[in-house]
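Coordinates as given in query16.pdb (PDB, C-alpha atoms):
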```pdb
ATOM      1  CA  ASN J   1     110.735-101.416 134.280
ATOM      2  CA  PRO J   2     107.693-103.708 134.011
ATOM      3  CA  GLU J   3     108.377-105.371 137.370
ATOM      4  CA  TRP J   4     108.404-101.993 139.087
ATOM      5  CA  LEU J   5     105.221-100.899 137.323
ATOM      6  CA  LYS J   6     103.295-104.040 138.253
ATOM      7  CA  ASN J   7     103.940-103.340 141.952
ATOM      8  CA  ILE J   8     102.571 -99.808 141.964
ATOM      9  CA  PRO J   9      99.000-101.022 142.627
ATOM     10  CA  LEU J  10     100.291-102.404 145.946
ATOM     11  CA  LEU J  11     101.027 -98.851 147.045
ATOM     12  CA  GLN J  12      97.572 -97.752 145.972
ATOM     13  CA  GLU J  13      95.915-100.641 147.844
ATOM     14  CA  LYS J  14      97.701 -99.602 151.047
ATOM     15  CA  ASN J  15      96.807 -95.940 150.470
ATOM     16  CA  LEU J  16     100.477 -95.016 150.187
ATOM     17  CA  LEU J  17     101.904 -92.347 147.925
ATOM     18  CA  LEU J  18     104.802 -92.457 145.502
ATOM     19  CA  GLU J  19     107.445 -89.738 145.590
ATOM     20  CA  LEU J  20     109.074 -88.973 142.265
ATOM     21  CA  HIS J  21     112.615 -87.619 142.133
ATOM     22  CA  ILE J  22     112.952 -86.685 138.471
ATOM     23  CA  TYR J  23     114.589 -84.153 136.193
ATOM     24  CA  PRO J  24     112.722 -82.017 133.647
ATOM     25  CA  ASN J  25     113.676 -84.249 130.715
ATOM     26  CA  GLN J  26     111.897 -87.198 132.383
ATOM     27  CA  HIS J  27     108.505 -85.581 132.847
ATOM     28  CA  LEU J  28     106.742 -87.143 129.843
ATOM     29  CA  LYS J  29     107.349 -90.662 131.184
ATOM     30  CA  VAL J  30     106.130 -89.547 134.597
ATOM     31  CA  ALA J  31     102.963 -88.117 133.037
ATOM     32  CA  GLU J  32     102.266 -91.530 131.496
ATOM     33  CA  LEU J  33     102.686 -93.160 134.903
ATOM     34  CA  ILE J  34     100.373 -90.695 136.635
ATOM     35  CA  LYS J  35      97.719 -91.223 133.937
ATOM     36  CA  LEU J  36      97.790 -94.984 134.592
ATOM     37  CA  TYR J  37      96.940 -94.475 138.285
ATOM     38  CA  PRO J  38      94.516 -91.556 138.615
ATOM     39  CA  LYS J  39      93.396 -92.588 142.116
ATOM     40  CA  MET J  40      96.907 -92.777 143.504
ATOM     41  CA  THR J  41      98.731 -89.870 145.106
ATOM     42  CA  PHE J  42     102.105 -88.858 143.664
ATOM     43  CA  VAL J  43     104.555 -86.258 144.960
ATOM     44  CA  LEU J  44     107.057 -84.490 142.730
ATOM     45  CA  ASP J  45     110.187 -84.012 144.839
ATOM     46  CA  HIS J  46     112.291 -80.861 144.844
ATOM     47  CA  ILE J  47     109.928 -79.010 142.459
ATOM     48  CA  GLY J  48     111.148 -81.319 139.712
ATOM     49  CA  CYS J  49     114.885 -80.711 140.201
ATOM     50  CA  PRO J  50     115.518 -77.650 138.037
ATOM     51  CA  LEU J  51     119.030 -77.685 136.632
ATOM     52  CA  GLY J  52     120.035 -74.055 136.690
ATOM     53  CA  TYR J  53     119.143 -70.396 136.866
ATOM     54  CA  ASP J  54     119.519 -69.584 133.169
ATOM     55  CA  SER J  55     116.501 -68.952 130.940
ATOM     56  CA  GLU J  56     116.847 -72.202 128.952
ATOM     57  CA  ASN J  57     116.743 -74.334 132.102
ATOM     58  CA  PHE J  58     113.897 -72.256 133.489
ATOM     59  CA  GLU J  59     111.798 -72.701 130.315
ATOM     60  CA  ASN J  60     112.438 -76.472 130.214
ATOM     61  CA  TRP J  61     111.501 -76.754 133.860
ATOM     62  CA  LYS J  62     108.408 -74.561 133.420
ATOM     63  CA  GLU J  63     107.159 -76.741 130.540
ATOM     64  CA  MET J  64     107.435 -79.739 132.859
ATOM     65  CA  ILE J  65     105.608 -78.000 135.722
ATOM     66  CA  ILE J  66     102.787 -76.859 133.429
ATOM     67  CA  ASN J  67     102.364 -80.354 131.962
ATOM     68  CA  LEU J  68     102.499 -82.170 135.289
ATOM     69  CA  GLY J  69     100.418 -79.571 137.110
ATOM     70  CA  LYS J  70      97.355 -80.767 135.166
ATOM     71  CA  TYR J  71      97.202 -83.946 137.231
ATOM     72  CA  GLN J  72      95.194 -83.354 140.387
ATOM     73  CA  ASN J  73      96.640 -86.478 142.006
ATOM     74  CA  LEU J  74     100.165 -84.995 141.797
ATOM     75  CA  PHE J  75     101.462 -82.816 144.606
ATOM     76  CA  VAL J  76     104.773 -80.968 144.612
ATOM     77  CA  LYS J  77     107.346 -80.836 147.375
ATOM     78  CA  ILE J  78     109.029 -77.473 147.746
ATOM     79  CA  SER J  79     112.368 -78.715 148.995
ATOM     80  CA  GLY J  80     115.971 -79.126 147.980
ATOM     81  CA  LEU J  81     115.900 -75.759 146.272
ATOM     82  CA  PHE J  82     119.556 -74.938 146.713
ATOM     83  CA  HIS J  83     121.443 -78.154 146.118
ATOM     84  CA  PRO J  84     120.344 -78.900 142.512
ATOM     85  CA  PHE J  85     121.290 -75.395 141.439
ATOM     86  CA  PHE J  86     124.629 -75.718 143.196
ATOM     87  CA  ILE J  87     125.388 -79.014 141.426
ATOM     88  CA  ALA J  88     124.275 -77.703 138.020
ATOM     89  CA  ASN J  89     126.234 -74.482 138.352
ATOM     90  CA  LYS J  90     129.815 -75.463 139.027
ATOM     91  CA  ASN J  91     130.724 -71.770 139.389
ATOM     92  CA  THR J  92     128.460 -71.476 142.423
ATOM     93  CA  LYS J  93     130.437 -71.263 145.612
ATOM     94  CA  LYS J  94     129.226 -72.009 149.088
ATOM     95  CA  LYS J  95     130.286 -68.523 150.056
ATOM     96  CA  ASP J  96     128.149 -66.906 147.336
ATOM     97  CA  SER J  97     125.575 -64.559 148.705
ATOM     98  CA  ILE J  98     122.475 -66.265 150.023
ATOM     99  CA  GLU J  99     120.532 -63.358 148.551
ATOM    100  CA  VAL J 100     121.807 -64.308 145.067
ATOM    101  CA  HIS J 101     120.535 -67.848 145.542
ATOM    102  CA  LYS J 102     117.210 -66.666 146.927
ATOM    103  CA  SER J 103     116.658 -64.152 144.125
ATOM    104  CA  ASN J 104     117.326 -66.825 141.509
ATOM    105  CA  ILE J 105     114.994 -69.351 143.117
ATOM    106  CA  ILE J 106     112.012 -67.029 143.655
ATOM    107  CA  SER J 107     110.739 -67.335 140.052
ATOM    108  CA  TYR J 108     110.686 -71.130 140.398
ATOM    109  CA  LEU J 109     108.724 -70.860 143.631
ATOM    110  CA  ARG J 110     106.187 -68.444 142.186
ATOM    111  CA  GLU J 111     105.539 -70.633 139.137
ATOM    112  CA  THR J 112     105.242 -73.780 141.233
ATOM    113  CA  ILE J 113     102.667 -72.256 143.564
ATOM    114  CA  LYS J 114     100.795 -70.596 140.680
ATOM    115  CA  ILE J 115     100.458 -73.881 138.773
ATOM    116  CA  PHE J 116      99.866 -76.305 141.652
ATOM    117  CA  GLY J 117      98.083 -73.967 144.048
ATOM    118  CA  VAL J 118      98.890 -73.876 147.730
ATOM    119  CA  GLU J 119      96.647 -76.884 148.375
ATOM    120  CA  ARG J 120      98.956 -79.185 146.359
ATOM    121  CA  CYS J 121     102.278 -77.819 147.656
ATOM    122  CA  LEU J 122     104.260 -79.382 150.493
ATOM    123  CA  PHE J 123     107.324 -77.928 152.163
ATOM    124  CA  ALA J 124     110.424 -79.788 153.301
ATOM    125  CA  SER J 125     113.920 -78.613 154.161
ATOM    126  CA  ASN J 126     116.196 -81.197 152.460
ATOM    127  CA  PHE J 127     118.614 -80.922 155.337
ATOM    128  CA  PRO J 128     121.383 -81.885 155.738
ATOM    129  CA  VAL J 129     122.045 -81.923 151.976
ATOM    130  CA  ASP J 130     121.345 -78.212 151.446
ATOM    131  CA  LYS J 131     123.601 -77.184 154.323
ATOM    132  CA  GLU J 132     126.487 -77.075 151.844
ATOM    133  CA  ILE J 133     124.887 -73.979 150.340
ATOM    134  CA  ILE J 134     122.639 -72.428 152.988
ATOM    135  CA  SER J 135     122.087 -72.592 156.720
ATOM    136  CA  TYR J 136     118.814 -73.844 158.116
ATOM    137  CA  GLN J 137     118.125 -70.380 159.542
ATOM    138  CA  ASP J 138     118.711 -68.621 156.181
ATOM    139  CA  MET J 139     116.534 -71.062 154.327
TER     140      MET J 139
END
```

Could you show the structure in this file as structure tokens?
Amino acid sequence: NPEWLKNIPLLQEKNLLLELHIYPNQHLKVAELIKLYPKMTFVLDHIGCPLGYDSENFENWKEMIINLGKYQNLFVKISGLFHPFFIANKNTKKKDSIEVHKSNIISYLRETIKIFGVERCLFASNFPVDKEIISYQDM
């Protein structure tokens, strides 16, 4: 949206950041946006909202993370790790073992930290949304 784009410099002038809640198939457009504003800080929410545990979703997500990780003005928020997987995987039940969820998510976490480095990673809980899948204590 051109109107939206023309207002982004206002954020930059006020030294504000822009959080991006996107899905892997949207990352090329986001890369174009980040290139336009190299002095602005962007944050990729929920590690880019992966859509499932299967290898196809993992590879699509990893391509996005590798491409976006090149931009030093982009940080990544490690948050909302359980809810997107729950939504994408209709067979997932709230009662499913937390260990199953954790073991599936660990590869996403490792890749995120490897590509962005700890200095460009932020942590957030995404509560209360994730409480449908995991308790705050288990997270």

Return the padded bounding box of segment 123-130 of chain J as AutoDock Vina command-line options: axis-aligned, built from all atoms listed in the file, 3 Å added on each side, with centre and edge lengths in Å to one decimal.
```
--center_x 114.7 --center_y -79.9 --center_z 153.6 --size_x 20.7 --size_y 10.0 --size_z 10.3
```

Quick one, how far is atom CA of Glu32 of chain J from atom CA of Cys121 of chain J?
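Atom-to-atom, atom CA of Glu32 of chain J and atom CA of Cys121 of chain J are spaced 21.2 Å apart.
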
Tell me, as a list in words, which residues lie within 9 Å of Tyr37 of chain J, counting all atoms listed in the file; anything in the same chain fewer than 2 positions away does not count.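 Using all atoms listed in the file, the neighbours found are Ile8, Pro9, Gln12, Leu33, Ile34, Lys35, Lys39, Met40, Thr41 and Asn73 of chain J.
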
Nearest to Asn25 of chain J, restricted to only C-alpha atoms and choosing among J:Val129, J:Val76, J:Cys49, J:Ile113, comes out as J:Cys49

(97.6, -78.4, 139.1) in this file's frame - what residues fall within 8 Å of it? Use all atoms listed in the file and give the answer as a list in words. Ile66, Leu68, Gly69, Lys70, Tyr71, Gln72, Leu74, Ile115, Phe116, Gly117 and Arg120 of chain J

Please export segment 29-65 of chain J as a tab-separated table (two decimals), in the first residue's frame, restricted to N, CA and C atoms.
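Writing done, so here's result33.tsv:
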```tsv
chain	number	residue	atom	x	y	z
J	29	LYS	N	8.74	-9.70	-0.26
J	29	LYS	CA	8.21	-8.32	-0.16
J	29	LYS	C	8.82	-7.60	1.04
J	30	VAL	N	8.96	-8.32	2.13
J	30	VAL	CA	9.55	-7.73	3.33
J	30	VAL	C	11.02	-7.36	3.08
J	31	ALA	N	11.73	-8.20	2.36
J	31	ALA	CA	13.13	-7.90	2.03
J	31	ALA	C	13.21	-6.60	1.24
J	32	GLU	N	12.30	-6.39	0.32
J	32	GLU	CA	12.27	-5.14	-0.45
J	32	GLU	C	12.07	-3.94	0.47
J	33	LEU	N	11.17	-4.08	1.42
J	33	LEU	CA	10.89	-3.01	2.38
J	33	LEU	C	12.13	-2.70	3.21
J	34	ILE	N	12.77	-3.71	3.72
J	34	ILE	CA	13.95	-3.52	4.57
J	34	ILE	C	15.08	-2.85	3.78
J	35	LYS	N	15.22	-3.22	2.51
J	35	LYS	CA	16.25	-2.60	1.66
J	35	LYS	C	15.99	-1.11	1.48
J	36	LEU	N	14.73	-0.70	1.42
J	36	LEU	CA	14.39	0.71	1.23
J	36	LEU	C	14.78	1.57	2.43
J	37	TYR	N	14.85	0.96	3.62
J	37	TYR	CA	15.10	1.71	4.85
J	37	TYR	C	16.23	1.07	5.66
J	38	PRO	N	17.45	1.16	5.16
J	38	PRO	CA	18.57	0.48	5.83
J	38	PRO	C	18.95	1.05	7.20
J	39	LYS	N	18.50	2.26	7.50
J	39	LYS	CA	18.82	2.85	8.81
J	39	LYS	C	17.71	2.65	9.84
J	40	MET	N	16.65	2.00	9.43
J	40	MET	CA	15.53	1.77	10.32
J	40	MET	C	15.64	0.37	10.93
J	41	THR	N	15.15	0.23	12.14
J	41	THR	CA	15.15	-1.07	12.80
J	41	THR	C	13.82	-1.78	12.57
J	42	PHE	N	13.91	-3.04	12.14
J	42	PHE	CA	12.75	-3.90	11.93
J	42	PHE	C	12.87	-5.11	12.86
J	43	VAL	N	11.73	-5.65	13.24
J	43	VAL	CA	11.70	-6.86	14.07
J	43	VAL	C	10.76	-7.86	13.42
J	44	LEU	N	11.28	-9.04	13.15
J	44	LEU	CA	10.48	-10.13	12.61
J	44	LEU	C	9.83	-10.86	13.78
J	45	ASP	N	8.50	-10.77	13.86
J	45	ASP	CA	7.78	-11.40	14.97
J	45	ASP	C	7.69	-12.91	14.81
J	46	HIS	N	7.66	-13.58	15.93
J	46	HIS	CA	7.39	-15.02	16.01
J	46	HIS	C	8.27	-15.86	15.06
J	47	ILE	N	9.52	-15.51	14.98
J	47	ILE	CA	10.51	-16.14	14.09
J	47	ILE	C	9.97	-16.36	12.67
J	48	GLY	N	9.08	-15.47	12.24
J	48	GLY	CA	8.57	-15.54	10.89
J	48	GLY	C	7.38	-16.48	10.72
J	49	CYS	N	6.74	-16.84	11.80
J	49	CYS	CA	5.51	-17.66	11.78
J	49	CYS	C	5.62	-18.92	10.94
J	50	PRO	N	6.49	-19.84	11.33
J	50	PRO	CA	6.54	-21.13	10.62
J	50	PRO	C	5.16	-21.79	10.66
J	51	LEU	N	4.87	-22.57	9.64
J	51	LEU	CA	3.53	-23.13	9.50
J	51	LEU	C	3.40	-24.60	9.83
J	52	GLY	N	4.44	-25.22	10.29
J	52	GLY	CA	4.32	-26.62	10.65
J	52	GLY	C	5.66	-27.26	10.92
J	53	TYR	N	5.59	-28.48	11.42
J	53	TYR	CA	6.79	-29.23	11.79
J	53	TYR	C	7.39	-30.04	10.64
J	54	ASP	N	6.64	-30.24	9.58
J	54	ASP	CA	7.11	-31.12	8.50
J	54	ASP	C	8.29	-30.50	7.75
J	55	SER	N	9.00	-31.33	7.00
J	55	SER	CA	10.23	-30.88	6.34
J	55	SER	C	9.97	-29.81	5.28
J	56	GLU	N	8.86	-29.88	4.57
J	56	GLU	CA	8.57	-28.87	3.55
J	56	GLU	C	8.39	-27.49	4.18
J	57	ASN	N	7.62	-27.42	5.26
J	57	ASN	CA	7.43	-26.14	5.95
J	57	ASN	C	8.74	-25.66	6.56
J	58	PHE	N	9.52	-26.57	7.10
J	58	PHE	CA	10.81	-26.18	7.67
J	58	PHE	C	11.73	-25.58	6.61
J	59	GLU	N	11.81	-26.21	5.44
J	59	GLU	CA	12.69	-25.71	4.37
J	59	GLU	C	12.22	-24.36	3.85
J	60	ASN	N	10.91	-24.18	3.69
J	60	ASN	CA	10.38	-22.87	3.25
J	60	ASN	C	10.70	-21.80	4.28
J	61	TRP	N	10.50	-22.13	5.53
J	61	TRP	CA	10.81	-21.18	6.60
J	61	TRP	C	12.30	-20.87	6.65
J	62	LYS	N	13.14	-21.90	6.52
J	62	LYS	CA	14.59	-21.71	6.59
J	62	LYS	C	15.08	-20.81	5.45
J	63	GLU	N	14.53	-20.98	4.27
J	63	GLU	CA	14.89	-20.10	3.13
J	63	GLU	C	14.60	-18.65	3.49
J	64	MET	N	13.45	-18.41	4.11
J	64	MET	CA	13.08	-17.06	4.52
J	64	MET	C	14.08	-16.52	5.54
J	65	ILE	N	14.40	-17.32	6.56
J	65	ILE	CA	15.29	-16.87	7.63
J	65	ILE	C	16.69	-16.57	7.07
```
